[in-house]
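Raw model25.txt, compact mmCIF, C-alpha atoms:
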# COMPACT_ATOMS: atom_id res chain seq x y z
CA MET A 5 114.92 102.33 77.91
CA ARG A 6 112.71 101.70 80.86
CA ASN A 7 114.56 98.50 81.68
CA PHE A 8 117.87 100.22 81.42
CA GLY A 9 116.73 102.84 83.87
CA MET A 10 115.67 100.32 86.45
CA LYS A 11 118.76 98.20 86.03
CA ARG A 12 120.66 101.30 86.84
CA ALA A 13 118.55 101.82 89.93
CA LEU A 14 119.35 98.35 91.14
CA VAL A 15 123.07 98.76 90.74
CA GLY A 16 122.64 102.38 91.67
CA ALA A 17 125.27 102.48 94.38
CA ALA A 18 128.09 101.49 92.04
CA ILE A 19 127.06 103.94 89.35
CA ALA A 20 126.56 106.77 91.79
CA ALA A 21 130.04 106.20 93.15
CA LEU A 22 131.50 106.34 89.63
CA ALA A 23 129.61 109.52 88.81
CA ILE A 24 130.88 111.26 91.92
CA ASN A 25 134.48 110.25 91.22
CA ALA A 26 134.24 111.44 87.64
CA SER A 27 132.97 114.90 88.48
CA ALA A 28 135.44 115.36 91.32
CA ALA A 29 138.31 114.54 89.00
CA GLN A 30 137.30 117.07 86.38
CA ALA A 31 137.09 120.42 88.08
CA ALA A 32 136.89 121.68 91.62
CA THR A 33 134.33 124.29 90.62
CA ALA A 34 131.89 121.97 88.91
CA THR A 35 128.88 120.80 90.86
CA GLY A 36 126.82 117.79 89.99
CA THR A 37 124.14 115.66 91.48
CA ALA A 38 124.30 111.93 91.50
CA LYS A 39 121.00 110.26 92.22
CA ALA A 40 120.44 106.65 92.97
CA LYS A 41 117.59 104.91 94.66
CA ILE A 42 118.34 101.65 96.35
CA LEU A 43 115.26 99.49 96.59
CA ARG A 44 114.80 96.85 99.23
CA GLN A 45 114.65 93.52 97.54
CA ILE A 46 113.80 89.91 98.14
CA GLN A 47 115.17 86.92 96.28
CA LEU A 48 113.78 83.41 96.35
CA THR A 49 115.69 80.44 94.95
CA ASN A 50 114.82 76.76 94.90
CA THR A 51 117.92 74.68 95.57
CA SER A 52 116.53 71.18 96.05
CA ASP A 53 113.35 69.29 95.30
CA LEU A 54 111.17 67.23 97.60
CA GLN A 55 112.34 63.71 96.75
CA PHE A 56 110.67 60.59 98.02
CA ALA A 57 113.33 58.48 96.24
CA THR A 58 112.37 54.99 95.12
CA ILE A 59 109.26 53.37 96.48
CA ILE A 60 108.10 49.84 95.85
CA SER A 61 104.50 49.54 96.94
CA GLY A 62 103.19 46.65 98.98
CA ALA A 63 99.96 44.75 99.39
CA THR A 64 98.62 47.22 101.98
CA ALA A 65 98.30 50.97 101.93
CA SER A 66 101.09 52.79 103.71
CA THR A 67 102.96 56.10 103.88
CA VAL A 68 106.44 57.43 103.24
CA SER A 69 107.47 60.55 105.16
CA VAL A 70 110.33 62.87 104.30
CA SER A 71 111.05 65.25 107.17
CA THR A 72 111.93 68.90 106.61
CA ALA A 73 115.51 67.83 107.39
CA GLY A 74 115.33 65.31 104.52
CA GLY A 75 115.22 62.11 106.58
CA VAL A 76 112.95 59.32 105.43
CA SER A 77 110.49 57.20 107.38
CA CYS A 78 109.31 54.25 105.35
CA GLY A 79 105.92 52.84 106.29
CA ALA A 80 105.27 49.16 106.99
CA GLY A 81 104.98 47.05 103.86
CA LEU A 82 106.90 49.46 101.63
CA THR A 83 110.43 49.26 100.36
CA CYS A 84 112.23 52.59 100.16
CA THR A 85 115.65 53.04 98.64
CA GLY A 86 117.67 55.94 97.32
CA THR A 87 118.41 59.37 98.71
CA THR A 88 115.50 61.46 99.90
CA THR A 89 115.64 65.23 100.17
CA ALA A 90 113.33 67.95 101.44
CA ALA A 91 112.64 70.89 99.13
CA ASN A 92 114.89 73.78 100.08
CA PHE A 93 114.30 77.44 99.36
CA ASN A 94 116.80 80.20 100.03
CA ILE A 95 115.66 83.74 100.73
CA GLN A 96 117.87 86.79 100.39
CA GLY A 97 116.85 90.23 101.55
CA THR A 98 117.28 92.95 104.15
CA ASN A 99 119.19 91.77 107.21
CA GLY A 100 116.69 91.25 110.03
CA ALA A 101 113.61 91.18 107.80
CA VAL A 102 110.89 88.74 108.81
CA VAL A 103 109.45 86.84 105.85
CA LEU A 104 106.36 84.66 106.20
CA VAL A 105 106.28 81.27 104.54
CA GLY A 106 103.04 80.15 102.94
CA GLY A 107 102.01 77.26 100.77
CA ASP A 108 99.72 74.35 100.04
CA SER A 109 99.17 71.86 102.82
CA SER A 110 98.71 68.94 100.43
CA VAL A 111 99.37 67.99 96.85
CA THR A 112 97.69 65.47 94.55
CA LEU A 113 99.90 63.46 92.23
CA ASN A 114 98.48 62.01 89.04
CA GLY A 115 99.90 58.84 87.57
CA SER A 116 100.93 58.75 83.92
CA ILE A 117 98.96 55.56 83.34
CA SER A 118 96.35 55.62 86.07
CA GLY A 119 95.87 56.30 89.74
CA THR A 120 96.55 59.20 92.06
CA MET A 121 98.41 59.70 95.30
CA THR A 122 98.31 62.52 97.79
CA ALA A 123 101.07 63.97 99.88
CA ALA A 124 100.60 66.13 102.97
CA LEU A 125 103.23 68.87 103.11
CA THR A 126 105.06 70.19 106.16
CA TYR A 127 107.03 73.41 106.39
CA SER A 128 110.09 73.91 108.56
CA ALA A 129 108.86 77.26 109.90
CA PRO A 130 105.93 79.67 109.54
CA ASN A 131 108.38 82.56 109.21
CA VAL A 132 112.07 83.21 108.63
CA THR A 133 114.08 86.07 110.09
CA LEU A 134 116.79 86.85 107.57
CA GLY A 135 120.38 87.09 108.74
CA ALA A 136 123.32 88.74 107.02
CA THR A 137 123.46 85.83 104.58
CA GLY A 138 119.70 85.51 104.20
CA GLY A 139 117.64 82.56 105.36
CA ALA A 140 116.09 79.32 104.21
CA PHE A 141 113.10 77.08 104.73
CA GLN A 142 112.38 73.48 103.85
CA VAL A 143 109.31 71.56 102.77
CA GLY A 144 108.87 67.90 103.66
CA GLY A 145 105.92 65.63 103.11
CA THR A 146 104.06 62.44 103.82
CA LEU A 147 103.11 60.48 100.74
CA SER A 148 100.17 58.11 100.96
CA VAL A 149 100.84 55.04 98.84
CA GLY A 150 97.88 52.82 98.09
CA ALA A 151 97.87 49.04 98.25
CA ASN A 152 99.52 47.85 95.05
CA GLN A 153 99.69 51.45 93.82
CA ALA A 154 99.50 51.51 90.02
CA SER A 155 102.90 51.89 88.42
CA GLY A 156 103.91 54.91 86.41
CA ASP A 157 105.24 58.43 86.65
CA TYR A 158 103.37 60.44 89.24
CA THR A 159 103.56 64.19 88.86
CA GLY A 160 102.14 67.02 90.91
CA THR A 161 102.74 70.66 91.65
CA PHE A 162 102.45 72.58 94.88
CA ASN A 163 102.47 76.29 95.60
CA VAL A 164 104.97 77.93 97.93
CA THR A 165 105.30 81.65 98.60
CA ALA A 166 107.58 83.90 100.60
CA ASP A 167 105.32 86.67 101.86
CA TYR A 168 106.36 90.12 102.98
CA GLN A 169 103.92 91.60 105.45
CA MET B 13 97.52 46.47 85.20
CA LEU B 14 97.80 45.69 88.87
CA ARG B 15 98.93 42.17 88.17
CA PHE B 16 101.47 43.53 85.75
CA PHE B 17 102.87 45.80 88.44
CA LYS B 18 103.01 43.01 90.97
CA ALA B 19 105.01 40.89 88.60
CA PHE B 20 107.56 43.42 87.51
CA GLY B 21 107.49 46.10 90.16
CA LEU B 22 110.03 44.60 92.47
CA PHE B 23 112.98 44.46 90.17
CA SER B 24 112.26 47.50 88.05
CA ALA B 25 111.26 50.16 90.56
CA ALA B 26 114.56 50.35 92.35
CA ALA B 27 116.44 51.25 89.20
CA LEU B 28 113.89 53.62 87.78
CA GLY B 29 112.45 55.39 90.79
CA LEU B 30 112.82 59.11 90.88
CA ALA B 31 115.59 60.92 89.21
CA ALA B 32 113.54 63.85 87.98
CA VAL B 33 115.61 66.58 89.56
CA PRO B 34 116.04 69.66 87.42
CA ALA B 35 119.72 70.49 87.18
CA ALA B 36 119.10 74.20 87.63
CA ALA B 37 115.85 75.44 89.04
CA SER B 38 114.11 77.75 86.64
CA GLY B 39 111.86 80.35 88.14
CA ASP B 40 114.16 81.86 90.75
CA LEU B 41 113.24 85.50 91.16
CA LEU B 42 114.02 88.87 92.72
CA VAL B 43 111.39 91.47 93.58
CA ALA B 44 112.03 95.06 94.71
CA PRO B 45 110.74 96.89 96.66
CA THR B 46 109.11 94.61 99.21
CA ARG B 47 106.12 96.78 100.14
CA LEU B 48 104.05 99.41 98.34
CA VAL B 49 102.05 102.15 100.04
CA LEU B 50 100.02 104.36 97.70
CA ASP B 51 98.08 107.44 98.69
CA GLY B 52 95.49 107.11 96.00
CA SER B 53 96.77 109.28 93.20
CA ARG B 54 100.32 108.43 92.22
CA GLY B 55 101.39 105.08 90.87
CA THR B 56 104.69 103.34 91.32
CA GLU B 57 106.88 100.59 89.93
CA VAL B 58 108.11 97.19 91.03
CA VAL B 59 111.13 95.45 89.56
CA LEU B 60 111.04 91.74 88.82
CA ASN B 61 114.29 90.05 87.87
CA ASN B 62 114.97 86.52 86.65
CA ILE B 63 117.89 85.42 88.83
CA GLY B 64 117.76 81.82 87.60
CA SER B 65 120.04 80.37 84.96
CA GLU B 66 117.27 79.62 82.46
CA PRO B 67 114.68 81.81 80.76
CA ALA B 68 111.43 81.80 82.71
CA THR B 69 107.88 83.03 82.28
CA TYR B 70 106.43 84.83 85.28
CA ARG B 71 102.84 85.62 86.07
CA ILE B 72 101.92 88.61 88.19
CA SER B 73 98.58 88.65 90.00
CA LEU B 74 96.78 90.16 92.97
CA GLU B 75 95.72 88.02 95.90
CA ILE B 76 93.66 88.62 98.99
CA LYS B 77 95.26 87.67 102.28
CA ARG B 78 94.03 88.16 105.81
CA MET B 79 96.22 88.35 108.85
CA THR B 80 95.57 85.81 111.58
CA ALA B 81 95.88 86.26 115.33
CA GLU B 82 98.98 84.05 115.09
CA GLY B 83 100.58 86.54 112.70
CA GLY B 84 100.24 84.47 109.54
CA LEU B 85 98.62 85.52 106.29
CA ASP B 86 95.70 83.35 105.17
CA GLU B 87 94.93 83.20 101.50
CA ILE B 88 91.31 84.12 100.74
CA ALA B 89 89.56 82.97 97.58
CA GLU B 90 88.20 85.86 95.52
CA ALA B 91 84.65 84.55 96.00
CA ASP B 92 85.04 84.91 99.78
CA ALA B 93 86.46 88.44 99.64
CA ASN B 94 84.59 91.14 101.55
CA GLU B 95 83.60 94.54 100.12
CA ALA B 96 86.83 96.30 101.13
CA GLU B 97 88.97 93.52 99.71
CA LYS B 98 87.03 93.56 96.43
CA ALA B 99 87.42 97.33 96.35
CA ALA B 100 91.19 96.93 96.75
CA LEU B 101 91.34 94.54 93.79
CA GLY B 102 89.33 97.05 91.77
CA MET B 103 91.53 100.07 92.49
CA ILE B 104 94.93 98.55 91.84
CA ALA B 105 95.95 98.25 88.20
CA PHE B 106 99.23 96.81 87.01
CA SER B 107 100.99 95.83 83.83
CA PRO B 108 102.34 93.55 82.45
CA ARG B 109 100.67 90.49 83.95
CA ARG B 110 102.84 87.92 82.28
CA VAL B 111 106.40 88.26 81.12
CA THR B 112 109.13 85.96 79.80
CA LEU B 113 112.60 86.95 80.91
CA PRO B 114 116.04 85.64 80.01
CA PRO B 115 118.43 85.18 82.97
CA ASN B 116 119.38 88.43 84.70
CA GLN B 117 116.82 90.46 82.83
CA PRO B 118 114.84 92.84 85.01
CA GLN B 119 111.34 93.94 84.11
CA VAL B 120 109.45 96.91 85.48
CA ILE B 121 105.88 96.26 86.57
CA ARG B 122 103.94 99.51 86.60
CA VAL B 123 101.40 99.78 89.39
CA GLY B 124 98.64 102.36 89.23
CA VAL B 125 95.82 103.18 91.57
CA ARG B 126 92.41 104.68 90.90
CA VAL B 127 90.20 105.38 93.87
CA PRO B 128 86.54 105.65 92.79
CA GLU B 129 84.57 108.71 93.88
CA GLY B 130 82.87 108.15 97.22
CA THR B 131 85.18 105.38 98.44
CA PRO B 132 84.97 105.34 102.27
CA ALA B 133 88.13 106.38 104.10
CA GLY B 134 90.27 103.43 105.07
CA GLU B 135 93.12 101.22 104.13
CA TYR B 136 92.68 98.94 101.13
CA ARG B 137 95.13 96.16 100.53
CA ALA B 138 95.95 93.36 98.15
CA HIS B 139 99.07 91.23 97.87
CA MET B 140 100.93 91.15 94.58
CA LEU B 141 102.12 87.68 93.69
CA PHE B 142 105.09 87.11 91.39
CA ARG B 143 105.42 83.52 90.36
CA ALA B 144 107.09 81.53 87.62
CA VAL B 145 104.78 79.54 85.38
CA PRO B 146 105.84 75.88 85.71
CA ASP B 147 107.94 74.59 82.88
CA THR B 148 105.78 72.00 81.16
CA VAL B 149 108.72 70.78 79.09
CA ALA B 150 110.54 69.60 82.20
CA ALA B 151 107.74 67.22 83.15
CA THR B 152 107.81 65.37 79.84
CA ASP B 153 111.59 65.09 80.05
CA ALA B 154 111.32 63.19 83.31
CA PRO B 155 112.57 59.64 83.03
CA LYS B 156 109.84 57.12 82.49
CA ALA B 157 109.35 54.20 84.78
CA ALA B 158 109.61 51.27 82.42
CA SER B 159 107.79 48.11 83.31
CA GLY B 160 106.27 49.06 86.63
CA GLY B 161 108.12 51.36 89.01
CA VAL B 162 106.55 54.26 90.84
CA SER B 163 108.34 57.45 89.91
CA ILE B 164 107.40 60.73 91.54
CA ALA B 165 108.06 64.26 90.34
CA LEU B 166 106.85 67.01 92.65
CA THR B 167 107.33 70.43 91.17
CA PRO B 168 107.13 73.45 93.45
CA ILE B 169 105.55 76.55 91.96
CA TYR B 170 107.16 79.19 94.08
CA GLY B 171 106.83 82.91 94.28
CA ILE B 172 107.00 86.07 96.30
CA THR B 173 104.16 88.25 97.53
CA ILE B 174 104.41 91.87 98.59
CA PRO B 175 101.60 93.97 100.05
CA VAL B 176 100.12 96.80 97.99
CA ILE B 177 98.42 99.22 100.36
CA VAL B 178 96.14 102.06 99.26
CA ARG B 179 95.27 104.66 101.89
CA VAL B 180 92.16 106.74 101.41
CA GLY B 181 91.46 109.67 103.72
CA ASP B 182 93.11 110.74 106.94
CA LEU B 183 94.02 107.60 108.84
CA GLY B 184 95.82 106.90 112.07
CA ALA B 185 96.84 103.95 114.19
CA GLU B 186 98.75 103.08 117.32
CA ALA B 187 100.26 99.89 118.59
CA MET B 188 101.07 98.52 122.02
CA ILE B 189 103.52 95.80 122.89
CA GLY B 190 102.05 93.22 125.27
CA GLU B 191 103.61 90.39 127.21
CA ALA B 192 106.82 88.78 126.00
CA TRP B 193 107.94 85.21 126.59
CA VAL B 194 110.20 82.50 125.27
CA GLY B 195 108.40 79.34 124.24
CA GLU B 196 109.08 76.06 122.50
CA THR B 197 107.77 75.36 119.03
CA ARG B 198 107.93 72.19 116.97
CA ASP B 199 111.02 73.63 115.32
CA GLY B 200 112.86 74.91 118.39
CA PRO B 201 112.62 77.87 120.75
CA ALA B 202 110.89 81.11 119.76
CA PHE B 203 110.71 84.61 121.19
CA ASN B 204 107.07 85.65 121.39
CA PHE B 205 105.21 88.82 122.18
CA ASP B 206 101.76 90.26 121.63
CA LEU B 207 101.20 93.33 119.52
CA ARG B 208 97.89 95.20 119.86
CA ARG B 209 96.66 97.78 117.40
CA THR B 210 94.04 100.52 117.49
CA GLY B 211 92.94 102.93 114.77
CA ASN B 212 91.85 102.63 111.17
CA ARG B 213 95.02 101.60 109.40
CA SER B 214 97.82 99.08 109.71
CA VAL B 215 101.00 99.62 111.68
CA TYR B 216 104.33 98.54 110.30
CA GLY B 217 107.84 98.72 111.60
CA ASP B 218 110.91 97.16 113.13
CA ILE B 219 111.32 95.46 116.50
CA GLU B 220 114.48 95.83 118.52
CA VAL B 221 115.03 93.96 121.76
CA THR B 222 117.81 95.30 123.98
CA ARG B 223 119.11 94.46 127.44
CA PRO B 224 119.52 97.44 129.78
CA GLY B 225 123.24 98.24 130.00
CA ARG B 226 124.15 96.48 126.78
CA ALA B 227 124.67 98.47 123.60
CA GLU B 228 124.21 95.62 121.12
CA PRO B 229 120.57 94.63 120.57
CA LEU B 230 119.75 91.02 121.43
CA LEU B 231 117.30 90.72 118.57
CA VAL B 232 116.27 92.78 115.56
CA ALA B 233 113.24 91.86 113.49
CA ARG B 234 112.31 94.17 110.63
CA GLY B 235 109.06 94.48 108.74
CA ILE B 236 106.49 93.46 111.34
CA ALA B 237 102.95 94.54 110.45
CA VAL B 238 99.60 94.46 112.21
CA TYR B 239 96.91 94.75 109.56
CA PRO B 240 93.52 96.40 110.18
CA GLU B 241 91.59 93.11 110.05
CA VAL B 242 93.13 92.14 113.40
CA GLY B 243 93.19 94.12 116.62
CA ALA B 244 96.08 92.09 117.96
CA ARG B 245 98.53 89.53 116.76
CA LYS B 246 101.18 87.32 118.22
CA VAL B 247 104.70 87.77 116.92
CA SER B 248 106.64 84.52 117.14
CA LEU B 249 110.26 84.58 116.03
CA ARG B 250 112.32 81.45 116.00
CA VAL B 251 115.66 81.97 117.74
CA PRO B 252 118.71 79.77 118.36
CA PRO B 253 118.67 78.09 121.81
CA GLU B 254 121.53 80.25 123.17
CA LEU B 255 119.69 83.44 122.18
CA ALA B 256 116.48 82.09 123.70
CA ALA B 257 118.33 81.66 127.00
CA ALA B 258 119.90 85.13 126.74
CA LEU B 259 116.52 86.78 126.07
CA LYS B 260 115.09 85.65 129.42
CA GLY B 261 115.09 88.40 132.02
CA PRO B 262 114.62 92.16 131.80
CA VAL B 263 114.55 93.57 128.26
CA HIS B 264 113.57 96.77 126.50
CA ILE B 265 111.40 96.22 123.42
CA ARG B 266 111.03 99.02 120.92
CA TYR B 267 108.71 99.05 117.91
CA THR B 268 109.72 101.77 115.46
CA GLU B 269 108.34 102.99 112.16
CA ASP B 270 110.14 102.03 109.00
CA ARG B 271 113.51 103.80 108.65
CA GLU B 272 112.37 105.06 105.24
CA ILE B 273 109.66 107.18 106.84
CA GLY B 274 111.69 108.47 109.77
CA GLY B 275 111.96 105.59 112.18
CA GLY B 276 109.85 107.19 114.94
CA THR B 277 108.96 105.11 117.98
CA ILE B 278 105.52 103.49 117.84
CA ASP B 279 105.80 101.89 121.27
CA ALA B 280 108.60 101.08 123.70
CA VAL B 281 108.23 98.98 126.84
CA ASP B 282 110.25 97.24 129.52
CA ARG B 283 109.38 93.61 129.98
CA VAL B 284 110.68 90.71 131.96
CA VAL B 285 110.83 87.77 129.56
CA LYS B 286 109.79 84.48 131.12
Any chance you could put this one into structure tokens?
Amino acid sequence: MRNFGMKRALVGAAIAALAINASAAQAATATGTAKAKILRQIQLTNTSDLQFATIISGATASTVSVSTAGGVSCGAGLTCTGTTTAANFNIQGTNGAVVLVGGDSSVTLNGSISGTMTAALTYSAPNVTLGATGGAFQVGGTLSVGANQASGDYTGTFNVTADYQ
Amino acid sequence: MLRFFKAFGLFSAAALGLAAVPAAASGDLLVAPTRLVLDGSRGTEVVLNNIGSEPATYRISLEIKRMTAEGGLDEIAEADANEAEKAALGMIAFSPRRVTLPPNQPQVIRVGVRVPEGTPAGEYRAHMLFRAVPDTVAATDAPKAASGGVSIALTPIYGITIPVIVRVGDLGAEAMIGEAWVGETRDGPAFNFDLRRTGNRSVYGDIEVTRPGRAEPLLVARGIAVYPEVGARKVSLRVPPELAAALKGPVHIRYTEDREIGGGTIDAVDRVVK
């Protein structure tokens, strides 16, 4: 019941319009009140992941950087192939709203067999001013690959938030 | 193990690298409204909606954030919170704290406030974080590197925070717009200005930059706050290069209260943007 009520609030404009039409069609003498509250909202969607593509480690420690635009810079001694992407997040909300972007500055990746790697993260902007179609920000990173980095699946998580002030 | 990798790494890694991209991100979310101001007695509600294509479990929590002079919000660990921040965490109650939602299913989060007797007048604030709990199943589904590749799966745990502000007592604040200039950032040009604040509460509102003689505003930025922990902050808004060029010269900058509470002018100044 509660959920239904709030759903109605979110699509309030449409329902209010229907209610007004209905009462107007019935009788000129009838009066009615249509109430709807439109809440300001924010939506955050993740449309691509931070991908370092394929890395073959070398005999010396090195780094692989993926820029916030998705371009790769492969350090000396490493072989990098495949398509790299930066993580992309889309924000929808009030036109003109300024949304701050926050998140971890580094992430630790643990190997499935052994070993760890760390990646320093970079953000495309500290804040996003939303336009009529919303806005977006990207997260790139620099992965530190050890000399003869142990093979395996490396997994890690990092926190990202869109902050209203 | 290392020798093993050396032997097989070269011809296996290329094929098996990283293909662990989830087809549809789970955890996408909508939150409304985007700011809560409570006067100490009445509670309110926030709507959380799963706008992803998969069911997702969300966790709702309160965080402490402090505004910086640069206009960012620094996350503060609970152990480092000061008395006022701890008091804010203590007065704000909410439920539920964890919820699993199918796609397009909204959930109401009820937010209540209880101000203890004798709480000093002031503004108390915490930031409510809505965040999807990472899907542990996805990680185990990731393709395995067979005989020696390095595969990497970085999962973002992403969420939205909105401020929850509790005002106790009779509070007031004013703000003054300082110098304005166009500068270069790492990511392109930005329109910058200083915003100073006095009083015992935050100021919040919309910025409109107009050129004398032109009806259309050059720039509109909504939802700019100066929180009580700072007396001044810089506002830095990234703008396209052509707008950056257009902003230089004489402008009128107006800082107005939120439209929902009347939209009165907080400060309005004429500046020559360098």
Exercise. For the atom pair CA of Met79 in chain B and CA of Val247 in chain B, what is the interatomic distance in Å to one decimal place?
Worked result: 11.7 Å
Exercise. In file coordinates, which residues lie within 8 Å of (107.4, 87.1, 80.3) using only C-alpha atoms, given as a ChimeraX atom specification?
Worked result: /B:68-71,110-113
Exercise. Using only C-alpha atoms, what residues lie at most 7 Å away from (107.4, 89.8, 113.5) (file coordinates), given as a PyMOL selection string?
Worked result: (chain A and resi 102) or (chain B and resi 233+235-236+247-249)
Atoms kept (C-alpha atoms) for selection, written as an mmCIF file, keeping the file's coordinate frame:
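The result, written out as part04.cif:
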data_model
loop_
_atom_site.group_PDB
_atom_site.id
_atom_site.type_symbol
_atom_site.label_atom_id
_atom_site.label_comp_id
_atom_site.auth_asym_id
_atom_site.auth_seq_id
_atom_site.Cartn_x
_atom_site.Cartn_y
_atom_site.Cartn_z
ATOM 1 C CA VAL A 102 110.890 88.740 108.810
ATOM 2 C CA ALA B 233 113.240 91.860 113.490
ATOM 3 C CA GLY B 235 109.060 94.480 108.740
ATOM 4 C CA ILE B 236 106.490 93.460 111.340
ATOM 5 C CA VAL B 247 104.700 87.770 116.920
ATOM 6 C CA SER B 248 106.640 84.520 117.140
ATOM 7 C CA LEU B 249 110.260 84.580 116.030
#
For this session: Select residues of chain B: the criterion is any atom within 6 Å of an atom of chain A, counting only C-alpha atoms; output as a PyMOL selection string.
Result: chain B and resi 26+29-30+40-46+157+160-174+232-235+237
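Of note, CA of Trp193 in chain B and CA of Pro229 in chain B are spaced 16.9 Å apart.
Our summary of the geometry notes that CA of Glu254 in chain B is positioned 28.3 Å from CA of Thr277 in chain B.
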